[in-house]
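Read the structure below first, then the notes.
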Amino acid sequence: MKVLVILLICVAHSSVWAQPSDTPVDFKLMYSYDAGMQPLRENLVLYAKKGRYTAFEKGNNYQVEFVGEKVAAIEILHQQLEACGFYTLKLSLEQDSPLLIAKDKGNCTLSIYANGLDYFLNKDDLDTMTDANASIGRKAFSILANFTKRYRD
């Protein structure tokens, strides 16, 4: 009887850990931040199962490959962005319009492609959004800033 109980516990425990990822297979996240006159430039490109982060801050270069155990960080980031409501914004990147990057100030953009939809946000766009949507956008940028900062510490 004890063996059966232990076996059931092991099966239940392993099924919890074997949950499939809810990150869409077509997931692609591109995040870039250029602080202009400040000493920080960073780029993050993630897919459902791999990615790369590069940054330059105060004379130091950083590079992180998201493979192996670090792939779990992609799933967590996707869940955080979903929880903050980013995917409800349904913002689309117009493929024909160029990104305008001001040379005298920093620029921060986020582009995600998932489930066949584009979600794009330039931090300057927050000024023209409704308060509710701007709040979601600020939260998404905060999540990404915290995510990348972890790899520069």
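By order in the structure tokens, chains are A, B, ...; within a chain, residues start at 1; ligands start at 1, following the order shown.
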
Show which residues sit within 7 Å of A:Leu29, as a PyMOL selection string. Count only C-alpha atoms, and ignore same-chain residues fewer than 6 positions away. chain A and resi 45-47+111-113

Just write the chosen residues, all heavy atoms, as a tab-separated table (two decimals), in the first residue's frame.
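After the write, part19.tsv holds the following:
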```tsv
chain	number	residue	atom	x	y	z
A	45	VAL	N	16.78	39.57	-28.01
A	45	VAL	CA	16.01	38.85	-29.02
A	45	VAL	C	15.75	37.46	-28.48
A	45	VAL	O	16.70	36.71	-28.20
A	45	VAL	CB	16.76	38.77	-30.38
A	45	VAL	CG1	15.92	37.98	-31.38
A	45	VAL	CG2	17.06	40.16	-30.92
A	46	LEU	N	14.49	37.14	-28.29
A	46	LEU	CA	14.10	35.84	-27.74
A	46	LEU	C	13.13	35.14	-28.67
A	46	LEU	O	12.27	35.77	-29.28
A	46	LEU	CB	13.43	36.01	-26.37
A	46	LEU	CG	14.24	36.66	-25.26
A	46	LEU	CD1	13.38	36.83	-24.02
A	46	LEU	CD2	15.49	35.85	-24.95
A	47	TYR	N	13.26	33.84	-28.73
A	47	TYR	CA	12.31	32.96	-29.41
A	47	TYR	C	11.76	32.03	-28.35
A	47	TYR	O	12.17	32.08	-27.19
A	47	TYR	CB	13.00	32.18	-30.53
A	47	TYR	CG	13.60	33.07	-31.59
A	47	TYR	CD1	14.92	33.50	-31.50
A	47	TYR	CD2	12.83	33.49	-32.68
A	47	TYR	CE1	15.46	34.33	-32.47
A	47	TYR	CE2	13.38	34.32	-33.65
A	47	TYR	CZ	14.69	34.73	-33.54
A	47	TYR	OH	15.24	35.56	-34.49
A	111	SER	N	8.98	44.72	-29.50
A	111	SER	CA	8.21	44.10	-30.56
A	111	SER	C	8.08	42.62	-30.24
A	111	SER	O	9.08	41.95	-29.99
A	111	SER	CB	8.91	44.29	-31.91
A	111	SER	OG	8.25	43.56	-32.91
A	112	ILE	N	6.86	42.13	-30.23
A	112	ILE	CA	6.62	40.71	-29.98
A	112	ILE	C	5.72	40.18	-31.08
A	112	ILE	O	4.73	40.81	-31.44
A	112	ILE	CB	5.97	40.47	-28.60
A	112	ILE	CG1	6.88	40.95	-27.48
A	112	ILE	CG2	5.62	38.99	-28.42
A	112	ILE	CD1	6.30	40.82	-26.10
A	113	TYR	N	6.09	39.03	-31.61
A	113	TYR	CA	5.24	38.34	-32.56
A	113	TYR	C	4.84	37.03	-31.90
A	113	TYR	O	5.70	36.25	-31.46
A	113	TYR	CB	5.99	38.05	-33.87
A	113	TYR	CG	5.13	37.38	-34.90
A	113	TYR	CD1	4.29	38.14	-35.71
A	113	TYR	CD2	5.12	36.01	-35.05
A	113	TYR	CE1	3.47	37.54	-36.65
A	113	TYR	CE2	4.31	35.40	-35.98
A	113	TYR	CZ	3.49	36.16	-36.79
A	113	TYR	OH	2.68	35.57	-37.71
```

Give me the residues within 12 Å of stretch 73-77 of chain A as an MDAnalysis selection string, counting only C-alpha atoms and dropping any in the same chain fewer than 4 places off. chainID A and resid 19:25 27:29 44:53 64:69 81:84 86 112 140:148 150:151

Just checking: using only C-alpha atoms, which residue out of A:Gly85, A:Ala55, A:Asp26, A:Asn60 ends up closest to A:Asn43?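 Of A:Gly85, A:Ala55, A:Asp26, A:Asn60, the one nearest A:Asn43, counting only C-alpha atoms, is A:Ala55.
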
In Å to one decimal, how far is atom CA of A:Lys139 from atom CA of A:Gln63?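 Going from atom CA of A:Gln63 over to atom CA of A:Lys139 covers 24.6 Å.
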
Closest of A:Ala72, A:Ala134, A:Cys108, A:Met37 to A:Asn122 - atom-to-atom distances counting only C-alpha atoms: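 For A:Asn122, the nearest of the given residues is A:Cys108.
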
Secondary structure check, strand (DSSP E or B) residues of stretch 15-148 of chain A, as a PyMOL selection string: chain A and resi 28-34+40-47+51-57+60-66+107-114+117-122

For A:Lys149, which residue among A:Gln80, A:Met30, A:Glu42, A:Ser135 is the nearest when counting only C-alpha atoms? A:Glu42

Those in stretch 26-145 of chain A with alpha helix (DSSP H) from DSSP, as a ChimeraX atom specification: /A:71-84,131-145

Distance atom CA of A:Leu110-atom CA of A:Ser32, one decimal place?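 Computed distance, atom CA of A:Leu110 to atom CA of A:Ser32, equals 6.7 Å.
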
Measuring between only C-alpha atoms, which one of A:Asp127, A:Asp34, A:Leu121, A:Arg41 shows the shortest distance to A:Tyr62?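 Closest to A:Tyr62, using only C-alpha atoms: A:Arg41.
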
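Atom CA of A:Asn115 is positioned 19.1 Å from atom CA of A:Val71.
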